[in-house]
>>> print(open('input-v6.txt').read())   # compact mmCIF, C-alpha atoms
# COMPACT_ATOMS: atom_id res chain seq x y z
CA MET A 1 107.86 79.02 129.23
CA THR A 2 104.80 81.13 130.00
CA GLN A 3 105.42 83.82 132.60
CA ASP A 4 103.70 83.34 135.97
CA PRO A 5 100.31 85.11 135.92
CA ARG A 6 101.15 86.91 139.18
CA ASP A 7 104.32 88.29 137.61
CA LEU A 8 102.35 89.44 134.59
CA HIS A 9 99.92 91.32 136.80
CA ARG A 10 102.75 92.94 138.79
CA THR A 11 104.44 94.00 135.56
CA ARG A 12 101.14 95.36 134.27
CA GLU A 13 100.50 97.40 137.41
CA GLY A 14 104.01 98.84 137.26
CA VAL A 15 103.74 99.86 133.60
CA LEU A 16 100.34 101.46 134.12
CA ALA A 17 101.85 103.35 137.05
CA GLY A 18 104.50 104.76 134.72
CA LEU A 19 107.43 102.41 135.33
CA PRO A 20 109.55 101.15 132.38
CA ALA A 21 108.31 97.93 130.79
CA ARG A 22 111.57 96.06 131.49
CA ASP A 23 109.90 92.74 132.29
CA SER A 24 107.46 92.78 129.38
CA ARG A 25 108.06 90.90 126.17
CA PRO A 26 109.19 93.33 123.42
CA VAL A 27 106.06 92.67 121.34
CA ILE A 28 103.87 93.58 124.33
CA ALA A 29 105.92 96.63 125.35
CA ALA A 30 105.67 98.03 121.79
CA SER A 31 101.92 97.38 121.62
CA TRP A 32 101.37 99.12 124.96
CA ARG A 33 103.35 102.11 123.70
CA ARG A 34 100.98 102.28 120.74
CA MET A 35 98.02 102.17 123.10
CA LYS A 36 99.40 105.01 125.20
CA VAL A 37 100.07 107.13 122.11
CA ARG A 38 96.49 106.46 121.02
CA GLY A 39 95.22 107.48 124.45
CA LEU A 40 93.28 104.27 125.08
CA ASP A 41 92.09 104.02 128.69
CA PRO A 42 92.81 100.51 130.06
CA GLY A 43 89.97 100.86 132.55
CA SER A 44 87.28 101.81 130.03
CA PRO A 45 85.07 99.35 128.19
CA PRO A 46 86.48 98.71 124.71
CA GLU A 47 84.65 99.85 121.58
CA VAL A 48 83.32 96.59 120.18
CA ALA A 49 79.84 97.43 118.87
CA PRO A 50 79.09 94.72 116.31
CA LEU A 51 77.91 95.23 112.76
CA PRO A 52 74.20 94.89 111.97
CA ASP A 53 73.27 91.33 111.05
CA ALA A 54 72.66 92.20 107.41
CA GLU A 55 76.10 93.79 107.02
CA LEU A 56 77.78 90.88 108.81
CA GLU A 57 76.13 88.41 106.44
CA ALA A 58 77.18 90.54 103.47
CA ARG A 59 80.80 90.49 104.68
CA ARG A 60 80.68 86.74 105.10
CA ALA A 61 79.25 86.27 101.62
CA ARG A 62 81.94 88.30 99.88
CA SER A 63 84.83 87.20 102.10
CA ARG A 64 87.64 85.19 100.54
CA LEU A 65 87.92 83.37 103.87
CA ALA A 66 84.71 81.34 103.50
CA PRO A 67 86.34 78.58 101.37
CA LEU A 68 89.04 78.18 104.04
CA LEU A 69 86.67 77.53 106.95
CA SER A 70 86.54 73.76 106.52
CA ARG A 71 90.35 73.48 106.48
CA LEU A 72 90.69 75.70 109.55
CA LYS A 73 88.04 73.75 111.45
CA ALA A 74 89.72 70.46 110.53
CA ALA A 75 93.08 71.75 111.80
CA LEU A 76 91.89 73.47 114.98
CA GLY A 77 88.50 71.94 115.79
CA PRO A 78 89.72 68.95 117.86
CA ALA A 79 91.97 71.13 120.06
CA VAL A 80 89.25 73.74 120.46
CA GLU A 81 86.60 71.22 121.46
CA ALA A 82 88.89 69.31 123.83
CA GLY A 83 90.23 72.43 125.53
CA GLY A 84 86.98 74.35 125.85
CA LEU A 85 88.35 77.09 123.59
CA LEU A 86 87.01 79.26 120.80
CA MET A 87 88.19 79.39 117.19
CA VAL A 88 87.59 82.77 115.57
CA VAL A 89 88.09 83.84 111.96
CA ALA A 90 88.24 87.60 111.37
CA ASP A 91 88.66 89.60 108.17
CA GLU A 92 91.49 91.98 107.28
CA ASP A 93 89.71 94.77 109.18
CA GLY A 94 89.69 92.69 112.36
CA ARG A 95 85.93 92.11 112.13
CA VAL A 96 84.86 88.77 113.62
CA LEU A 97 83.12 86.77 110.89
CA TRP A 98 82.88 83.24 112.29
CA ARG A 99 83.21 81.57 115.70
CA HIS A 100 83.43 77.87 116.50
CA GLY A 101 83.62 76.28 119.94
CA PRO A 102 81.65 74.82 122.85
CA PRO A 103 78.65 76.79 124.21
CA GLY A 104 80.38 77.61 127.51
CA VAL A 105 83.30 79.49 126.00
CA ARG A 106 81.00 81.21 123.49
CA ARG A 107 79.00 82.61 126.41
CA LEU A 108 82.21 83.91 128.03
CA ALA A 109 83.18 85.54 124.74
CA ASP A 110 79.73 87.12 124.50
CA ARG A 111 80.33 88.89 127.83
CA LEU A 112 83.48 90.48 126.38
CA GLY A 113 81.64 91.59 123.26
CA PHE A 114 83.72 89.08 121.29
CA VAL A 115 80.84 88.32 118.94
CA GLY A 116 80.19 88.16 115.21
CA GLY A 117 80.69 91.55 113.60
CA SER A 118 82.70 93.10 116.43
CA ALA A 119 85.95 94.91 115.58
CA TRP A 120 88.90 93.28 117.32
CA THR A 121 91.72 95.63 116.32
CA GLU A 122 94.27 97.24 118.61
CA GLY A 123 92.64 100.58 117.99
CA ASN A 124 89.30 99.27 119.22
CA VAL A 125 90.13 96.88 122.05
CA GLY A 126 93.82 97.41 122.80
CA THR A 127 96.53 94.75 122.80
CA ASN A 128 95.02 91.42 121.73
CA ALA A 129 96.10 88.55 119.51
CA ILE A 130 93.89 89.37 116.50
CA GLY A 131 94.63 93.10 116.45
CA THR A 132 98.31 92.81 117.30
CA SER A 133 98.76 90.06 114.71
CA LEU A 134 97.27 92.36 112.08
CA VAL A 135 99.68 95.12 113.09
CA LEU A 136 102.77 92.91 113.03
CA GLY A 137 101.79 90.68 110.13
CA GLY A 138 102.79 87.56 112.07
CA PRO A 139 101.59 85.13 114.77
CA VAL A 140 101.13 86.46 118.29
CA GLN A 141 100.04 84.96 121.61
CA ILE A 142 98.76 87.21 124.40
CA HIS A 143 98.69 85.90 127.95
CA GLY A 144 96.17 87.23 130.48
CA ALA A 145 97.48 90.48 131.93
CA GLU A 146 99.41 91.26 128.75
CA HIS A 147 96.08 92.53 127.40
CA TYR A 148 95.89 96.30 127.66
CA VAL A 149 92.21 96.54 128.64
CA ASP A 150 91.41 95.44 132.20
CA SER A 151 88.33 93.42 131.25
CA HIS A 152 90.43 91.14 129.02
CA THR A 153 93.12 90.21 131.53
CA ARG A 154 91.46 86.89 132.39
CA TRP A 155 91.46 85.94 128.72
CA GLY A 156 94.14 84.31 126.58
CA CYS A 157 94.48 84.24 122.81
CA ALA A 158 96.77 83.15 119.99
CA ALA A 159 96.34 84.37 116.41
CA ALA A 160 98.07 84.26 113.04
CA PRO A 161 97.34 86.26 109.90
CA LEU A 162 95.96 84.56 106.82
CA HIS A 163 98.00 85.76 103.86
CA ASP A 164 97.35 85.64 100.17
CA PRO A 165 100.88 84.68 99.00
CA TRP A 166 99.89 85.62 95.44
CA THR A 167 99.28 89.28 96.26
CA GLY A 168 101.18 89.65 99.55
CA ARG A 169 98.06 91.01 101.23
CA THR A 170 96.59 89.91 104.54
CA ILE A 171 93.07 88.60 103.96
CA GLY A 172 92.19 87.81 107.55
CA VAL A 173 93.20 86.27 110.87
CA VAL A 174 92.58 82.94 112.58
CA ASP A 175 92.51 82.98 116.37
CA VAL A 176 92.13 80.56 119.26
CA SER A 177 90.91 82.16 122.50
CA GLY A 178 89.54 81.27 125.90
CA PRO A 179 90.09 81.69 129.64
CA ALA A 180 93.77 82.34 130.28
CA SER A 181 93.98 79.26 132.49
CA SER A 182 92.88 77.07 129.56
CA MET A 183 95.39 78.40 127.02
CA HIS A 184 98.49 76.31 126.35
CA PRO A 185 101.76 77.75 124.95
CA SER A 186 101.49 75.31 122.02
CA ALA A 187 98.34 77.11 120.84
CA LEU A 188 100.48 79.62 118.95
CA SER A 189 102.28 76.93 116.93
CA LEU A 190 99.00 75.19 116.17
CA VAL A 191 97.31 78.39 114.96
CA ASP A 192 100.34 79.41 112.89
CA LEU A 193 100.44 76.00 111.18
CA ALA A 194 96.71 76.18 110.40
CA ALA A 195 97.17 79.66 108.90
CA ARG A 196 100.10 78.53 106.75
CA LEU A 197 98.16 75.55 105.40
CA ALA A 198 95.22 77.79 104.55
CA SER A 199 97.50 80.29 102.80
CA LEU A 200 99.06 77.46 100.79
CA GLU A 201 95.58 76.49 99.62
CA VAL A 202 95.00 80.09 98.46
CA ARG A 203 98.27 80.04 96.51
CA ASN A 204 97.50 76.72 94.85
CA GLU A 205 94.18 78.09 93.60
CA HIS A 206 95.95 81.10 92.09
CA VAL A 207 98.59 78.91 90.41
CA ALA A 208 95.90 76.72 88.84
CA GLY A 209 94.09 79.82 87.56
CA LEU A 210 97.28 81.22 86.05
CA GLU A 211 97.94 77.94 84.24
CA ARG A 212 94.44 77.99 82.76
CA LEU A 213 94.95 81.58 81.61
CA ARG A 214 98.34 80.72 80.10
CA ALA A 215 96.82 77.88 78.07
CA HIS A 216 94.06 80.18 76.84
CA ALA A 217 96.51 83.00 75.96
CA ALA A 218 99.07 80.99 73.98
CA PRO A 219 97.16 80.81 70.67
CA LEU A 220 95.89 84.38 71.15
CA LEU A 221 99.38 85.86 71.50
CA ALA A 222 100.52 83.98 68.41
CA ARG A 223 98.17 86.18 66.39
CA VAL A 224 98.99 89.48 68.16
CA GLY A 225 101.22 91.92 66.33
CA GLY A 226 103.56 94.07 68.38
CA ARG A 227 104.18 93.70 72.09
CA ALA A 228 101.66 92.41 74.58
CA VAL A 229 101.33 90.90 78.04
CA VAL A 230 98.63 88.59 79.43
CA VAL A 231 98.05 88.94 83.15
CA ASP A 232 95.63 87.48 85.67
CA GLN A 233 93.26 89.61 87.76
CA GLN A 234 96.06 90.34 90.25
CA GLY A 235 98.53 91.35 87.53
CA HIS A 236 100.68 88.20 87.50
CA VAL A 237 102.13 87.65 84.04
CA ALA A 238 100.85 84.49 82.34
CA ALA A 239 102.40 85.09 78.92
CA VAL A 240 104.25 87.77 76.98
CA THR A 241 105.25 88.42 73.41
CA GLY A 242 107.74 90.79 71.81
CA MET A 243 109.38 92.00 75.04
CA SER A 244 110.54 91.02 78.48
CA ALA A 245 108.17 91.78 81.33
CA PRO A 246 108.21 91.78 85.13
CA GLY A 247 106.59 88.91 87.01
CA VAL A 248 103.77 91.18 88.17
CA VAL A 249 102.16 94.21 86.54
CA PRO A 250 100.30 96.36 89.11
CA LEU A 251 96.79 96.94 87.79
CA PRO A 252 94.46 99.82 88.62
CA ALA A 253 91.50 99.03 90.84
CA ASP A 254 89.10 100.34 88.18
CA LEU A 255 90.66 98.64 85.15
CA THR A 256 88.22 98.44 82.23
CA VAL A 257 88.44 97.60 78.55
CA GLY A 258 90.23 100.35 76.62
CA GLU A 259 93.18 102.63 77.10
CA VAL A 260 95.01 102.45 80.43
CA TRP A 261 98.11 104.02 81.92
CA LEU A 262 100.32 102.01 84.29
CA PRO A 263 103.00 103.58 86.52
CA THR A 264 105.45 100.77 85.73
CA LEU A 265 104.77 100.24 82.00
CA GLY A 266 103.17 103.41 80.64
CA SER A 267 100.32 103.41 78.10
CA ALA A 268 98.48 100.25 77.02
CA VAL A 269 95.16 99.02 75.68
CA ALA A 270 93.36 96.46 77.87
CA GLU A 271 91.20 93.63 76.53
CA ALA A 272 89.26 91.33 78.87
CA LEU A 273 90.04 87.61 78.96
CA PRO A 274 88.51 84.82 81.06
CA GLY A 275 90.33 85.22 84.36
CA GLY A 276 92.60 88.07 83.27
CA TRP A 277 93.59 90.73 80.77
CA LEU A 278 95.45 91.17 77.50
CA LEU A 279 97.51 94.36 77.60
CA ARG A 280 98.66 95.66 74.20
CA LEU A 281 101.55 97.96 75.02
CA GLY A 282 102.29 101.43 73.75
CA PRO A 283 105.70 102.89 72.86
CA SER A 284 106.78 103.72 76.42
CA ALA A 285 105.93 100.21 77.60
CA GLU A 286 107.80 98.70 74.66
CA ARG A 287 110.94 100.60 75.65
CA ALA A 288 110.41 99.47 79.27
CA GLY A 289 110.87 95.88 78.11
CA THR A 290 114.40 96.55 76.89
CA THR A 291 115.73 99.64 78.67
CA GLY A 292 114.12 99.43 82.11
CA ALA A 293 110.94 101.05 83.39
CA ALA A 294 112.56 104.11 85.00
CA ASP A 295 114.34 105.18 81.78
CA ALA A 296 111.55 104.20 79.42
CA LEU A 297 108.95 106.17 81.33
CA ALA A 298 111.01 109.34 81.61
CA GLU A 299 108.70 111.03 79.12
CA ASP A 300 105.58 109.52 80.68
CA ALA A 301 106.48 109.62 84.36
CA ALA A 302 104.05 110.21 87.20
CA THR A 303 103.47 113.87 87.96
CA ALA A 304 100.89 113.76 90.77
CA LEU A 305 99.86 111.46 93.60
CA VAL A 306 96.72 111.69 95.74
CA LEU A 307 96.09 109.55 98.82
CA ASP A 308 92.38 109.70 99.62
CA LEU A 309 91.39 108.56 103.10
CA ALA A 310 87.99 110.28 102.90
CA VAL A 311 86.47 107.44 100.83
CA PRO A 312 85.70 103.84 101.82
CA GLY A 313 88.95 101.95 101.38
CA PRO A 314 92.18 104.00 101.29
CA THR A 315 92.64 104.94 97.64
CA LEU A 316 95.82 105.99 95.87
CA ARG A 317 95.62 107.84 92.55
CA VAL A 318 98.75 108.36 90.45
CA SER A 319 98.61 110.61 87.38
CA GLY A 320 100.94 111.20 84.47
CA PRO A 321 100.85 112.87 81.04
CA SER A 322 99.09 109.88 79.47
CA GLY A 323 96.47 109.21 82.13
CA SER A 324 95.90 108.13 85.71
CA TRP A 325 95.93 104.92 87.75
CA THR A 326 93.93 104.12 90.90
CA GLN A 327 94.66 101.46 93.49
CA VAL A 328 92.95 100.55 96.79
CA LEU A 329 95.71 100.12 99.35
CA SER A 330 95.99 97.70 102.22
CA PRO A 331 95.80 99.38 105.65
CA ARG A 332 99.55 98.90 106.14
CA HIS A 333 100.45 100.46 102.80
CA ALA A 334 98.06 103.32 103.53
CA GLU A 335 99.86 103.93 106.84
CA ILE A 336 103.22 103.96 105.05
CA MET A 337 101.99 106.41 102.42
CA VAL A 338 100.64 108.72 105.13
CA ALA A 339 104.07 108.72 106.77
CA LEU A 340 105.78 109.52 103.46
CA LEU A 341 103.34 112.32 102.65
CA VAL A 342 103.60 113.84 106.12
CA HIS A 343 107.41 113.66 105.91
CA ARG A 344 108.19 114.71 102.34
CA GLU A 345 111.90 114.81 103.17
CA GLY A 346 111.77 111.03 103.57
CA ARG A 347 111.97 108.42 106.31
CA SER A 348 114.53 105.78 107.18
CA ALA A 349 113.43 102.21 107.88
CA ALA A 350 113.88 102.84 111.61
CA GLU A 351 111.81 106.03 111.46
CA LEU A 352 109.05 104.21 109.61
CA GLY A 353 109.23 101.54 112.32
CA GLU A 354 108.40 104.25 114.86
CA ASP A 355 105.67 105.65 112.61
CA LEU A 356 103.97 102.28 112.16
CA PHE A 357 104.80 100.21 115.25
CA ALA A 358 106.25 102.60 117.85
CA ASP A 359 109.28 100.34 117.50
CA ALA A 360 112.40 101.44 115.59
CA SER A 361 113.74 97.87 115.57
CA LYS A 362 111.12 96.74 113.00
CA VAL A 363 113.41 97.57 110.07
CA VAL A 364 113.12 94.12 108.44
CA THR A 365 109.33 94.31 108.42
CA VAL A 366 109.45 97.87 107.07
CA ARG A 367 111.84 96.97 104.27
CA ALA A 368 109.68 94.03 103.21
CA GLU A 369 106.58 96.24 103.05
CA MET A 370 108.45 98.95 101.16
CA SER A 371 109.66 96.37 98.65
CA ARG A 372 106.04 95.34 97.99
CA LEU A 373 104.92 98.96 97.72
CA ARG A 374 107.74 99.86 95.30
CA ARG A 375 106.71 96.95 93.07
CA ILE A 376 103.34 98.68 92.78
CA LEU A 377 104.54 102.27 92.35
CA GLY A 378 107.90 101.78 90.68
CA PRO A 379 109.89 105.03 90.24
CA VAL A 380 107.24 107.03 92.13
CA LEU A 381 108.97 105.87 95.33
CA CYS A 382 112.65 106.49 96.07
CA ARG A 383 115.01 104.89 98.59
CA GLN A 384 117.70 106.10 101.01
CA PRO A 385 115.63 107.59 102.50
CA TYR A 386 112.23 106.22 101.52
CA ARG A 387 110.23 109.07 99.99
CA VAL A 388 107.91 110.05 97.17
CA ALA A 389 109.93 111.28 94.20
CA PRO A 390 110.42 115.04 94.75
CA GLU A 391 109.12 115.97 91.28
CA VAL A 392 105.74 114.35 92.04
CA ALA A 393 103.08 116.68 93.45
CA VAL A 394 101.27 115.07 96.41
CA GLU A 395 97.96 115.54 98.20
CA LEU A 396 96.58 113.86 101.33
CA ARG A 397 92.78 113.94 101.59
CA LEU A 398 91.28 113.35 105.02
CA PRO A 399 87.66 112.94 106.16
CA ALA A 400 86.08 115.82 108.06
CA ASP A 401 85.65 113.47 111.03
CA THR A 402 89.24 112.48 111.84
CA SER A 403 88.05 109.45 113.83
CA LEU A 404 87.26 107.88 110.43
CA ILE A 405 90.92 107.92 109.32
CA LEU A 406 91.79 104.21 109.00
CA PRO A 407 89.50 103.16 111.87
CA GLY A 408 91.15 100.62 114.14
CA SER A 409 94.70 101.57 113.17
CA SER A 410 97.07 101.91 116.12
CA ALA A 411 99.99 103.27 114.05
CA PRO A 412 101.40 106.40 115.74
CA VAL A 413 101.48 108.23 112.41
CA ILE A 414 97.69 107.75 112.11
CA THR A 415 97.07 108.56 115.75
CA GLY A 416 98.86 111.86 115.16
CA LEU A 417 96.28 112.78 112.52
CA THR A 418 93.29 111.87 114.69
CA SER A 419 94.38 113.56 117.91
>>> encode(input="input-v6.txt", output="structure tokens")
Amino acid sequence: MTQDPRDLHRTREGVLAGLPARDSRPVIAASWRRMKVRGLDPGSPPEVAPLPDAELEARRARSRLAPLLSRLKAALGPAVEAGGLLMVVADEDGRVLWRHGPPGVRRLADRLGFVGGSAWTEGNVGTNAIGTSLVLGGPVQIHGAEHYVDSHTRWGCAAAPLHDPWTGRTIGVVDVSGPASSMHPSALSLVDLAARLASLEVRNEHVAGLERLRAHAAPLLARVGGRAVVVDQQGHVAAVTGMSAPGVVPLPADLTVGEVWLPTLGSAVAEALPGGWLLRLGPSAERAGTTGAADALAEDAATALVLDLAVPGPTLRVSGPSGSWTQVLSPRHAEIMVALLVHREGRSAAELGEDLFADASKVVTVRAEMSRLRRILGPVLCRQPYRVAPEVAVELRLPADTSLILPGSSAPVITGLTS
């Protein structure tokens, strides 16, 4: 059951006065701790300046969310229209791209700055369904006074992340919002279901593309001498010859035709295919197919790692004797890498929970993210504790203006760099 609004306001007043958050839901208590670490003033207007119209249109045009709009509207439109609510679709940065709902609720949202192009992350506007959902990677509903910023306490919202199951990355968020009195507890289940259906559609498109690539690659591999792997644009293996291969080969962000070095397979030569790549593998990669990547790459292991937060999009560069490999990280993986570079001695799952969420209990979430990150970096990352391999030289590059370090992030480890 939803907590009585008067109780929520009393709890809010007590927490802001410095009392323990005993009556708050754990997800709200943790989010408020992140806001306090960040130094966000609950009485100040949030930072929600929208993007210029031209940039907003550019984001919409290149967004992978556009094909999902019709499905999301079909799933949520009737409830939104009947309840006088607003459906919002935001990108992975928390930027509002599309809104759908009756004129009355759109006008109310306008007064909050909840408009196209505005940034609705925890770091910008405090505890809210879109921003908190992005932090946690799961569905969240925020009731009235559970919002951290005073001006939002009459508002209610429920949001769920839109995942790309093929890559494991969050590509956006779908949200239903409106006056707190109009929000029903079932809104969270409805939004979560809509997000899952949309994510399933994304996966089905990837599967169909991989099947097309596999059909194209079969006769090609029959003529290839030596060992080779055919992968799609995300690195999923469509076909292989002459060796065993993992299900996914992490590809560099700047992959081009020619020689390439991969942290998990070593040296290779890349050839472009429709919808993917043919990778002809060198000696170290051939040994990886039979002896395991860690042993096979002993002579070609990574020697240096640079995390660059001074460029648009957090960029990771890994170098070894045979070359280098560059990958643009998700915000969450960038936060994790910052924690591991700041703490070279390593971090436990509980410690990373504090670094990322101000919540040591988030060990399951941390372990899942670390598993995804280790699939990308292979032996560069060690476990027990989680750390960058000690023989790898590391560098963390930060922008001169520290406010530009992962803008919108509310992770305590990032806040520590910006304060």
>>> residues_near_point(input="input-v6.txt", point="(97.4, 96.0, 127.6)", cutoff="6 Å", atoms="all atoms listed in the file", output="list in words")
Trp32, Thr127, Glu146, His147, Tyr148 and Val149 of chain A
>>> closest_residue(input="input-v6.txt", among="A:Asp355, A:Thr256, A:Ala30, A:Leu220", to="A:Thr241", atoms="only C-alpha atoms")
A:Leu220
>>> closest_residue(input="input-v6.txt", among="A:Val328, A:Gly14, A:Gln141, A:Arg38", to="A:Leu417", atoms="all atoms listed in the file")
A:Arg38
>>> atom_distance(input="input-v6.txt", atom1="atom CA of A:Ala79", atom2="atom CA of A:Asp164")
25.2 Å
>>> atom_distance(input="input-v6.txt", atom1="atom CA of A:Leu356", atom2="atom CA of A:Val37")
11.7 Å
>>> closest_atom_pairs(input="input-v6.txt", of="stretch 250-339 of chain A", to="stretch 382-387 of chain A", cutoff="10 Å", atoms="all atoms listed in the file", output="JSON lines")
{"residue": "A:Ile336", "atom": "CA", "partner": "A:Tyr386", "partner_atom": "CA", "distance": 9.9}
{"residue": "A:Met337", "atom": "CA", "partner": "A:Arg387", "partner_atom": "CA", "distance": 9.0}
{"residue": "A:Ala339", "atom": "CA", "partner": "A:Arg387", "partner_atom": "CA", "distance": 9.2}
>>> residues_around(input="input-v6.txt", residues="A:Trp277", least_positions_apart="4", cutoff="8 Å", atoms="only C-alpha atoms", output="list in words")
Val230, Val231, Asp232, Gln233, Ala270, Glu271, Ala272 and Leu273 of chain A
>>> residues_around(input="input-v6.txt", residues="A:Leu396", least_positions_apart="2", cutoff="8 Å", atoms="only C-alpha atoms", output="VMD selection string")
chain A and resid 306 to 309 338 341 394 398
>>> atom_distance(input="input-v6.txt", atom1="atom CA of A:Glu55", atom2="atom CA of A:Trp155")
27.7 Å
>>> residues_around(input="input-v6.txt", residues="A:Gly226", least_positions_apart="5", cutoff="9 Å", atoms="all atoms listed in the file", output="count of residues only")
5
>>> residues_near_point(input="input-v6.txt", point="(86.7, 77.2, 126.2)", cutoff="6 Å", atoms="all atoms listed in the file", output="list of chain:residue names")
A:Gly83, A:Gly84, A:Leu85, A:Leu86, A:Val105, A:Gly178
>>> closest_residue(input="input-v6.txt", among="A:Val176, A:Ile414, A:Glu351, A:Leu305", to="A:Ala393", atoms="all atoms listed in the file")
A:Leu305
>>> residues_around(input="input-v6.txt", residues="A:Leu329", least_positions_apart="4", cutoff="9 Å", atoms="all atoms listed in the file", output="list in words")
Gly313, Pro314, Thr315, Leu316, His333 and Ala334 of chain A
>>> axis_aligned_box(input="input-v6.txt", around="stretch 345-354 of chain A", padding_each_side="3 Å", output="lines of an AutoDock Vina configuration file")
center_x = 111.5
center_y = 108.2
center_z = 109.0
size_x = 12.1
size_y = 19.3
size_z = 17.7
>>> closest_residue(input="input-v6.txt", among="A:Leu136, A:Ala54, A:Val174, A:Ala74", to="A:Arg99", atoms="only C-alpha atoms")
A:Val174
>>> residues_around(input="input-v6.txt", residues="A:Asp401", least_positions_apart="5", cutoff="12 Å", atoms="only C-alpha atoms", output="list in words")
Leu309, Ala310, Val311, Leu406, Pro407, Leu417, Thr418 and Ser419 of chain A
>>> closest_residue(input="input-v6.txt", among="A:Gly168, A:Pro161, A:Gly323, A:Gly275", to="A:Arg212", atoms="all atoms listed in the file")
A:Gly275
>>> decode(input="input-v6.txt", residues="stretch 349-368 of chain A", atoms="N, CA and C atoms", output="PDB file, in the first residue's frame")
ATOM      1  N   ALA A 349      32.582  -5.998  -3.280  1.00  0.00           N
ATOM      2  CA  ALA A 349      31.274  -5.669  -3.845  1.00  0.00           C
ATOM      3  C   ALA A 349      30.535  -4.680  -2.956  1.00  0.00           C
ATOM      4  N   ALA A 350      30.638  -4.855  -1.641  1.00  0.00           N
ATOM      5  CA  ALA A 350      29.969  -3.935  -0.714  1.00  0.00           C
ATOM      6  C   ALA A 350      30.566  -2.539  -0.802  1.00  0.00           C
ATOM      7  N   GLU A 351      31.894  -2.465  -0.924  1.00  0.00           N
ATOM      8  CA  GLU A 351      32.536  -1.149  -1.030  1.00  0.00           C
ATOM      9  C   GLU A 351      32.155  -0.453  -2.331  1.00  0.00           C
ATOM     10  N   LEU A 352      32.065  -1.225  -3.417  1.00  0.00           N
ATOM     11  CA  LEU A 352      31.606  -0.630  -4.664  1.00  0.00           C
ATOM     12  C   LEU A 352      30.144  -0.193  -4.562  1.00  0.00           C
ATOM     13  N   GLY A 353      29.344  -0.923  -3.770  1.00  0.00           N
ATOM     14  CA  GLY A 353      27.972  -0.493  -3.526  1.00  0.00           C
ATOM     15  C   GLY A 353      27.924   0.882  -2.882  1.00  0.00           C
ATOM     16  N   GLU A 354      28.816   1.137  -1.943  1.00  0.00           N
ATOM     17  CA  GLU A 354      28.907   2.466  -1.326  1.00  0.00           C
ATOM     18  C   GLU A 354      29.399   3.492  -2.340  1.00  0.00           C
ATOM     19  N   ASP A 355      30.378   3.105  -3.151  1.00  0.00           N
ATOM     20  CA  ASP A 355      30.932   4.034  -4.137  1.00  0.00           C
ATOM     21  C   ASP A 355      29.888   4.475  -5.156  1.00  0.00           C
ATOM     22  N   LEU A 356      29.029   3.547  -5.567  1.00  0.00           N
ATOM     23  CA  LEU A 356      28.087   3.806  -6.653  1.00  0.00           C
ATOM     24  C   LEU A 356      26.724   4.272  -6.172  1.00  0.00           C
ATOM     25  N   PHE A 357      26.242   3.649  -5.070  1.00  0.00           N
ATOM     26  CA  PHE A 357      24.853   3.859  -4.648  1.00  0.00           C
ATOM     27  C   PHE A 357      24.704   4.435  -3.247  1.00  0.00           C
ATOM     28  N   ALA A 358      25.809   4.621  -2.524  1.00  0.00           N
ATOM     29  CA  ALA A 358      25.737   4.955  -1.100  1.00  0.00           C
ATOM     30  C   ALA A 358      24.943   3.894  -0.359  1.00  0.00           C
ATOM     31  N   ASP A 359      25.114   2.643  -0.790  1.00  0.00           N
ATOM     32  CA  ASP A 359      24.330   1.542  -0.238  1.00  0.00           C
ATOM     33  C   ASP A 359      25.146   0.249  -0.371  1.00  0.00           C
ATOM     34  N   ALA A 360      25.739  -0.195   0.731  1.00  0.00           N
ATOM     35  CA  ALA A 360      26.595  -1.384   0.717  1.00  0.00           C
ATOM     36  C   ALA A 360      25.819  -2.666   0.460  1.00  0.00           C
ATOM     37  N   SER A 361      24.497  -2.623   0.539  1.00  0.00           N
ATOM     38  CA  SER A 361      23.704  -3.839   0.328  1.00  0.00           C
ATOM     39  C   SER A 361      23.527  -4.177  -1.150  1.00  0.00           C
ATOM     40  N   LYS A 362      23.963  -3.314  -2.054  1.00  0.00           N
ATOM     41  CA  LYS A 362      23.742  -3.521  -3.495  1.00  0.00           C
ATOM     42  C   LYS A 362      24.772  -4.469  -4.109  1.00  0.00           C
ATOM     43  N   VAL A 363      25.128  -5.525  -3.391  1.00  0.00           N
ATOM     44  CA  VAL A 363      26.190  -6.410  -3.879  1.00  0.00           C
ATOM     45  C   VAL A 363      25.756  -7.202  -5.117  1.00  0.00           C
ATOM     46  N   VAL A 364      24.502  -7.583  -5.209  1.00  0.00           N
ATOM     47  CA  VAL A 364      24.038  -8.347  -6.371  1.00  0.00           C
ATOM     48  C   VAL A 364      24.134  -7.492  -7.632  1.00  0.00           C
ATOM     49  N   THR A 365      23.699  -6.252  -7.529  1.00  0.00           N
ATOM     50  CA  THR A 365      23.784  -5.336  -8.670  1.00  0.00           C
ATOM     51  C   THR A 365      25.232  -5.107  -9.070  1.00  0.00           C
ATOM     52  N   VAL A 366      26.101  -4.915  -8.075  1.00  0.00           N
ATOM     53  CA  VAL A 366      27.519  -4.685  -8.355  1.00  0.00           C
ATOM     54  C   VAL A 366      28.130  -5.892  -9.060  1.00  0.00           C
ATOM     55  N   ARG A 367      27.855  -7.076  -8.562  1.00  0.00           N
ATOM     56  CA  ARG A 367      28.447  -8.276  -9.161  1.00  0.00           C
ATOM     57  C   ARG A 367      27.974  -8.474 -10.595  1.00  0.00           C
ATOM     58  N   ALA A 368      26.718  -8.148 -10.872  1.00  0.00           N
ATOM     59  CA  ALA A 368      26.216  -8.274 -12.245  1.00  0.00           C
ATOM     60  C   ALA A 368      26.945  -7.300 -13.168  1.00  0.00           C
TER      61      ALA A 368
END
